Amino acid sequence: MPAPSILEVGPGPGHLAVCLLRAIRDARWTGLDIDPAMVAAARARLVRTGLAARSDVVEGDVSALPFADASFDLVVTSFSAHHWPDAALGFAEVARVLRPGGVVLAYDLPAWWARLERGSEGIRAGRGPFPDAVIARRHGVGPVTIVERLEAVRA
Ligand SMILES: C[S@@+](CC[C@H](N)C(=O)[O-])C[C@H]1O[C@@H](n2cnc3c(N)ncnc32)[C@H](O)[C@@H]1O
């Protein structure tokens, strides 16, 4: 089986890249992040960990991915999609760059959490752990799911 090509959207400083490249021998990882500081941090981490040769970090916006159609076997994204100005457009771009049969794995906050985040003093003030229980109580929500996972295969 040929080495898989992985795209990560919004990798931040590149922690997941290191895990993926160590876990999947010969995989090739490309990260795309809108923030130049994150691009620089991810590049530096990949150099430090000796993984630069199998990776590439690009500055860009998920709304206009600078990659050809059907370029990747796997697209991953974690805790980035809630920042995207138009998530539908972002995921349409993700689908475009996936090969047929390719997989997208997206991890993020539940939709309601993203809405609450904007108005939450607790999170903005950055006090201690996520005040999920406090917010949930305030909004009359039961047990809280912090992470939602979306998994899809391109037809
Ligand atoms: C909360 S951080 C998550 C970083 C990392 N994935 C993690 O789980 O720790 C969100 C990342 O998404 C990036 N991002 C936000 N909007 C983006 C966009 N429109 N296109 C690409 N990256 C974006 C940010 O610059 C940031 O690095």
# chains A, B, ... in the order shown; residues from 1 in each chain; ligands from 1
$ closest_atom_pairs --of "chain A" --to "ligand 1" --cutoff "9 Å" --atoms "only C-alpha atoms and all ligand atoms" --output "CSV"
residue,atom,partner,partner_atom_place_in_ligand_line,distance
A:Glu8,CA,ligand 1,6 (N),8.0
A:Val9,CA,ligand 1,21 (C),5.6
A:Gly10,CA,ligand 1,12 (O),3.6
A:Pro11,CA,ligand 1,6 (N),4.0
A:Gly12,CA,ligand 1,27 (O),3.3
A:Pro13,CA,ligand 1,4 (C),6.8
A:Gly14,CA,ligand 1,5 (C),7.0
A:His15,CA,ligand 1,9 (O),7.0
A:Leu16,CA,ligand 1,6 (N),7.3
A:Leu32,CA,ligand 1,21 (C),5.9
A:Asp33,CA,ligand 1,22 (N),3.9
A:Ile34,CA,ligand 1,22 (N),4.3
A:Asp35,CA,ligand 1,25 (O),4.3
A:Pro36,CA,ligand 1,25 (O),7.9
A:Ala37,CA,ligand 1,25 (O),8.3
A:Met38,CA,ligand 1,27 (O),5.6
A:Val39,CA,ligand 1,27 (O),8.0
A:Glu59,CA,ligand 1,21 (C),7.9
A:Gly60,CA,ligand 1,21 (C),6.0
A:Asp61,CA,ligand 1,20 (N),3.7
A:Val62,CA,ligand 1,20 (N),4.0
A:Ser63,CA,ligand 1,19 (N),6.3
A:Ala64,CA,ligand 1,20 (N),8.6
A:Leu65,CA,ligand 1,20 (N),8.6
A:Val76,CA,ligand 1,6 (N),8.9
A:Thr77,CA,ligand 1,6 (N),6.1
A:Ser78,CA,ligand 1,6 (N),4.5
A:Phe79,CA,ligand 1,3 (C),4.7
A:Ser80,CA,ligand 1,12 (O),4.0
A:Ala81,CA,ligand 1,16 (N),7.0
A:His82,CA,ligand 1,16 (N),7.9
A:His83,CA,ligand 1,16 (N),4.7
A:Trp84,CA,ligand 1,19 (N),4.5
A:Pro85,CA,ligand 1,19 (N),6.5
A:Asp86,CA,ligand 1,19 (N),8.2
A:Ala87,CA,ligand 1,19 (N),8.7
A:Gly90,CA,ligand 1,19 (N),7.6
A:Tyr107,CA,ligand 1,8 (O),8.3
A:Asp108,CA,ligand 1,8 (O),8.5
$ write_last_selection --atoms "C-alpha atoms" --output "PDB file, in the first residue's frame"
ATOM      1  CA  GLU A   8      -4.267  18.668   8.668  1.00  0.00           C
ATOM      2  CA  VAL A   9      -6.277  21.894   8.653  1.00  0.00           C
ATOM      3  CA  GLY A  10      -5.499  24.262  11.516  1.00  0.00           C
ATOM      4  CA  PRO A  11      -2.681  22.243  13.096  1.00  0.00           C
ATOM      5  CA  GLY A  12      -1.614  25.073  15.388  1.00  0.00           C
ATOM      6  CA  PRO A  13       1.880  24.291  16.726  1.00  0.00           C
ATOM      7  CA  GLY A  14       1.893  20.800  15.205  1.00  0.00           C
ATOM      8  CA  HIS A  15       1.505  18.378  18.125  1.00  0.00           C
ATOM      9  CA  LEU A  16      -0.781  16.015  16.211  1.00  0.00           C
ATOM     10  CA  LEU A  32      -2.376  24.351   6.534  1.00  0.00           C
ATOM     11  CA  ASP A  33      -2.938  27.116   9.049  1.00  0.00           C
ATOM     12  CA  ILE A  34      -4.173  30.685   8.656  1.00  0.00           C
ATOM     13  CA  ASP A  35      -1.900  32.044  11.403  1.00  0.00           C
ATOM     14  CA  PRO A  36       1.734  32.673  10.364  1.00  0.00           C
ATOM     15  CA  ALA A  37       2.911  32.297  13.976  1.00  0.00           C
ATOM     16  CA  MET A  38       1.360  28.805  14.108  1.00  0.00           C
ATOM     17  CA  VAL A  39       2.908  27.930  10.741  1.00  0.00           C
ATOM     18  CA  GLU A  59      -0.055  29.321   5.371  1.00  0.00           C
ATOM     19  CA  GLY A  60      -3.604  29.531   4.028  1.00  0.00           C
ATOM     20  CA  ASP A  61      -7.337  29.519   4.635  1.00  0.00           C
ATOM     21  CA  VAL A  62      -9.494  26.403   4.604  1.00  0.00           C
ATOM     22  CA  SER A  63     -12.010  28.393   2.507  1.00  0.00           C
ATOM     23  CA  ALA A  64      -9.607  28.260  -0.476  1.00  0.00           C
ATOM     24  CA  LEU A  65      -7.258  25.299  -0.093  1.00  0.00           C
ATOM     25  CA  VAL A  76      -7.827  15.677   9.878  1.00  0.00           C
ATOM     26  CA  THR A  77      -8.757  18.750  11.830  1.00  0.00           C
ATOM     27  CA  SER A  78      -9.091  19.272  15.552  1.00  0.00           C
ATOM     28  CA  PHE A  79     -10.565  22.246  17.358  1.00  0.00           C
ATOM     29  CA  SER A  80     -10.216  24.443  14.280  1.00  0.00           C
ATOM     30  CA  ALA A  81     -13.582  24.239  12.496  1.00  0.00           C
ATOM     31  CA  HIS A  82     -15.368  26.407  15.052  1.00  0.00           C
ATOM     32  CA  HIS A  83     -13.042  29.267  13.951  1.00  0.00           C
ATOM     33  CA  TRP A  84     -13.861  28.920  10.269  1.00  0.00           C
ATOM     34  CA  PRO A  85     -16.020  31.805   9.028  1.00  0.00           C
ATOM     35  CA  ASP A  86     -17.968  29.474   6.715  1.00  0.00           C
ATOM     36  CA  ALA A  87     -17.739  25.861   7.892  1.00  0.00           C
ATOM     37  CA  GLY A  90     -14.443  24.787   4.523  1.00  0.00           C
ATOM     38  CA  TYR A 107     -12.868  16.809  16.116  1.00  0.00           C
ATOM     39  CA  ASP A 108     -14.383  19.912  17.591  1.00  0.00           C
TER      40      ASP A 108
END
$ closest_residue --among "A:Trp29, A:Leu105, A:Phe72, A:Ala17" --to "A:Arg45" --atoms "only C-alpha atoms"
A:Ala17
$ closest_residue --among "A:Arg25, A:Arg48, A:Arg43, A:Arg154" --to "A:Pro100" --atoms "only C-alpha atoms"
A:Arg154
$ closest_residue --among "A:Val103, A:Ala3, A:Gly31, A:Arg22" --to "A:Ser55" --atoms "only C-alpha atoms"
A:Gly31
$ select_by_dssp --residues "stretch 59-88 of chain A" --states "strand (DSSP E)" --output "CSV table (one decimal) with C-alpha atoms, in the first residue's frame"
chain,number,residue,atom,x,y,z
A,59,GLU,CA,-0.1,29.3,5.4
A,72,PHE,CA,-5.0,13.5,0.0
A,73,ASP,CA,-6.0,10.2,1.5
A,74,LEU,CA,-6.9,11.6,4.9
A,75,VAL,CA,-7.9,15.1,6.1
A,76,VAL,CA,-7.8,15.7,9.9
A,77,THR,CA,-8.8,18.7,11.8
A,78,SER,CA,-9.1,19.3,15.6
$ atom_distance --atom1 "atom CA of A:Pro66" --atom2 "atom CA of A:Ala88"
17.3 Å
$ select_by_dssp --residues "stretch 3-135 of chain A" --states "alpha helix (DSSP H)" --output "ChimeraX atom specification"
/A:15-23,36-48,87-97,111-119,121-125,132-135
$ write_last_selection --atoms "N, CA and C atoms" --output "compact mmCIF listing (two decimals), in the first residue's frame"
# COMPACT_ATOMS: atom_id res chain seq x y z
N HIS A 15 1.38 19.55 17.24
CA HIS A 15 1.50 18.38 18.13
C HIS A 15 0.99 17.11 17.45
N LEU A 16 -0.18 17.21 16.83
CA LEU A 16 -0.78 16.02 16.21
C LEU A 16 0.08 15.51 15.04
N ALA A 17 0.71 16.45 14.34
CA ALA A 17 1.57 16.06 13.21
C ALA A 17 2.67 15.10 13.69
N VAL A 18 3.28 15.42 14.80
CA VAL A 18 4.36 14.58 15.33
C VAL A 18 3.82 13.18 15.65
N CYS A 19 2.65 13.12 16.29
CA CYS A 19 2.06 11.81 16.63
C CYS A 19 1.76 11.02 15.36
N LEU A 20 1.14 11.68 14.38
CA LEU A 20 0.75 10.97 13.16
C LEU A 20 1.98 10.47 12.40
N LEU A 21 2.98 11.33 12.28
CA LEU A 21 4.16 10.94 11.49
C LEU A 21 4.96 9.84 12.18
N ARG A 22 4.91 9.83 13.52
CA ARG A 22 5.61 8.75 14.23
C ARG A 22 4.80 7.45 14.15
N ALA A 23 3.48 7.58 14.15
CA ALA A 23 2.63 6.38 14.18
C ALA A 23 2.49 5.74 12.81
N PRO A 36 0.31 32.86 10.67
CA PRO A 36 1.73 32.67 10.36
C PRO A 36 2.56 32.26 11.58
N ALA A 37 2.15 32.69 12.77
CA ALA A 37 2.91 32.30 13.98
C ALA A 37 2.77 30.79 14.21
N MET A 38 1.58 30.25 13.94
CA MET A 38 1.36 28.81 14.11
C MET A 38 2.12 28.03 13.04
N VAL A 39 2.16 28.57 11.83
CA VAL A 39 2.91 27.93 10.74
C VAL A 39 4.38 27.83 11.15
N ALA A 40 4.92 28.93 11.68
CA ALA A 40 6.33 28.93 12.09
C ALA A 40 6.56 27.95 13.25
N ALA A 41 5.63 27.92 14.19
CA ALA A 41 5.79 27.02 15.35
C ALA A 41 5.74 25.56 14.91
N ALA A 42 4.81 25.23 14.01
CA ALA A 42 4.71 23.84 13.54
C ALA A 42 5.96 23.45 12.77
N ARG A 43 6.44 24.37 11.91
CA ARG A 43 7.68 24.07 11.15
C ARG A 43 8.83 23.80 12.11
N ALA A 44 8.97 24.65 13.12
CA ALA A 44 10.08 24.50 14.06
C ALA A 44 9.97 23.16 14.80
N ARG A 45 8.75 22.78 15.19
CA ARG A 45 8.57 21.51 15.91
C ARG A 45 8.97 20.32 15.02
N LEU A 46 8.59 20.40 13.74
CA LEU A 46 8.88 19.28 12.84
C LEU A 46 10.39 19.17 12.56
N VAL A 47 11.06 20.31 12.55
CA VAL A 47 12.52 20.27 12.39
C VAL A 47 13.14 19.67 13.65
N ARG A 48 12.69 20.16 14.83
CA ARG A 48 13.24 19.68 16.11
C ARG A 48 13.07 18.18 16.28
N ALA A 87 -18.13 27.27 7.72
CA ALA A 87 -17.74 25.86 7.89
C ALA A 87 -18.19 25.02 6.70
N ALA A 88 -19.34 25.36 6.10
CA ALA A 88 -19.83 24.58 4.96
C ALA A 88 -18.84 24.69 3.80
N LEU A 89 -18.36 25.90 3.56
CA LEU A 89 -17.37 26.12 2.49
C LEU A 89 -16.07 25.39 2.83
N GLY A 90 -15.66 25.47 4.09
CA GLY A 90 -14.44 24.79 4.52
C GLY A 90 -14.53 23.28 4.27
N PHE A 91 -15.65 22.68 4.67
CA PHE A 91 -15.78 21.23 4.48
C PHE A 91 -15.96 20.86 3.00
N ALA A 92 -16.52 21.78 2.20
CA ALA A 92 -16.60 21.52 0.75
C ALA A 92 -15.19 21.48 0.17
N GLU A 93 -14.32 22.36 0.65
CA GLU A 93 -12.93 22.36 0.21
C GLU A 93 -12.22 21.07 0.66
N VAL A 94 -12.49 20.67 1.89
CA VAL A 94 -11.91 19.42 2.41
C VAL A 94 -12.33 18.25 1.50
N ALA A 95 -13.61 18.21 1.14
CA ALA A 95 -14.10 17.12 0.28
C ALA A 95 -13.43 17.17 -1.10
N ARG A 96 -13.24 18.37 -1.60
CA ARG A 96 -12.62 18.52 -2.94
C ARG A 96 -11.20 17.94 -2.98
N VAL A 97 -10.42 18.19 -1.92
CA VAL A 97 -9.01 17.76 -1.96
C VAL A 97 -8.82 16.30 -1.52
N ALA A 111 -21.68 22.03 18.56
CA ALA A 111 -22.15 23.30 18.00
C ALA A 111 -22.61 24.26 19.09
N TRP A 112 -23.31 23.73 20.07
CA TRP A 112 -23.83 24.64 21.10
C TRP A 112 -22.71 25.25 21.92
N TRP A 113 -21.60 24.49 22.07
CA TRP A 113 -20.47 25.00 22.84
C TRP A 113 -19.86 26.21 22.14
N ALA A 114 -19.76 26.12 20.82
CA ALA A 114 -19.20 27.23 20.05
C ALA A 114 -20.05 28.48 20.25
N ARG A 115 -21.36 28.28 20.33
CA ARG A 115 -22.22 29.46 20.54
C ARG A 115 -22.00 30.03 21.93
N LEU A 116 -21.92 29.14 22.92
CA LEU A 116 -21.75 29.61 24.29
C LEU A 116 -20.39 30.26 24.50
N GLU A 117 -19.38 29.77 23.79
CA GLU A 117 -18.01 30.25 23.98
C GLU A 117 -17.95 31.76 23.80
N ARG A 118 -18.75 32.26 22.84
CA ARG A 118 -18.71 33.69 22.55
C ARG A 118 -19.17 34.52 23.75
N GLY A 119 -20.11 33.95 24.51
CA GLY A 119 -20.66 34.76 25.59
C GLY A 119 -20.18 34.35 26.97
N GLU A 121 -18.06 34.23 30.17
CA GLU A 121 -16.98 34.93 30.92
C GLU A 121 -15.95 33.91 31.35
N GLY A 122 -16.44 32.73 31.74
CA GLY A 122 -15.55 31.70 32.28
C GLY A 122 -14.44 31.39 31.31
N ILE A 123 -14.77 31.17 30.06
CA ILE A 123 -13.75 30.80 29.09
C ILE A 123 -12.89 32.00 28.74
N ARG A 124 -13.55 33.14 28.56
CA ARG A 124 -12.76 34.32 28.19
C ARG A 124 -11.75 34.67 29.27
N ALA A 125 -12.15 34.49 30.52
CA ALA A 125 -11.25 34.82 31.62
C ALA A 125 -10.19 33.73 31.79
N ASP A 132 -17.19 23.73 31.95
CA ASP A 132 -18.32 23.15 31.21
C ASP A 132 -19.51 22.88 32.11
N ALA A 133 -19.22 22.40 33.31
CA ALA A 133 -20.34 22.06 34.19
C ALA A 133 -21.10 23.32 34.58
N VAL A 134 -20.36 24.41 34.84
CA VAL A 134 -20.98 25.67 35.24
C VAL A 134 -21.86 26.20 34.10
N ILE A 135 -21.29 26.20 32.90
CA ILE A 135 -22.04 26.72 31.75
C ILE A 135 -23.25 25.84 31.47
$ closest_residue --among "A:Arg99, A:Ile6, A:Val57, A:Val153" --to "A:Asp69" --atoms "only C-alpha atoms"
A:Arg99
$ atom_distance --atom1 "atom CA of A:Gly101" --atom2 "atom CA of A:Ala68"
16.2 Å
$ residues_around --residues "A:Arg28" --least-positions-apart "2" --cutoff "7 Å" --atoms "only C-alpha atoms" --output "ChimeraX atom specification"
/A:4-6,26,30,54-55
$ write_last_selection --atoms "N, CA and C atoms" --output "PDB file, in the first residue's frame"
ATOM      1  N   PRO A   4       0.409   6.935   2.913  1.00  0.00           N
ATOM      2  CA  PRO A   4      -0.741   7.840   2.883  1.00  0.00           C
ATOM      3  C   PRO A   4      -0.322   9.307   2.932  1.00  0.00           C
ATOM      4  N   SER A   5      -1.089  10.129   2.234  1.00  0.00           N
ATOM      5  CA  SER A   5      -0.841  11.573   2.315  1.00  0.00           C
ATOM      6  C   SER A   5      -1.945  12.179   3.180  1.00  0.00           C
ATOM      7  N   ILE A   6      -1.502  12.935   4.166  1.00  0.00           N
ATOM      8  CA  ILE A   6      -2.417  13.470   5.182  1.00  0.00           C
ATOM      9  C   ILE A   6      -2.397  14.991   5.108  1.00  0.00           C
ATOM     10  N   ASP A  26       6.197   6.298   6.969  1.00  0.00           N
ATOM     11  CA  ASP A  26       6.219   6.757   5.578  1.00  0.00           C
ATOM     12  C   ASP A  26       5.080   7.707   5.211  1.00  0.00           C
ATOM     13  N   THR A  30       0.837  17.251   5.483  1.00  0.00           N
ATOM     14  CA  THR A  30       0.830  18.671   5.118  1.00  0.00           C
ATOM     15  C   THR A  30      -0.099  19.372   6.096  1.00  0.00           C
ATOM     16  N   ARG A  54       9.311  14.657   5.882  1.00  0.00           N
ATOM     17  CA  ARG A  54       8.024  14.051   5.487  1.00  0.00           C
ATOM     18  C   ARG A  54       6.855  15.013   5.693  1.00  0.00           C
ATOM     19  N   SER A  55       7.187  16.304   5.845  1.00  0.00           N
ATOM     20  CA  SER A  55       6.106  17.232   6.162  1.00  0.00           C
ATOM     21  C   SER A  55       6.275  18.552   5.430  1.00  0.00           C
TER      22      SER A  55
END
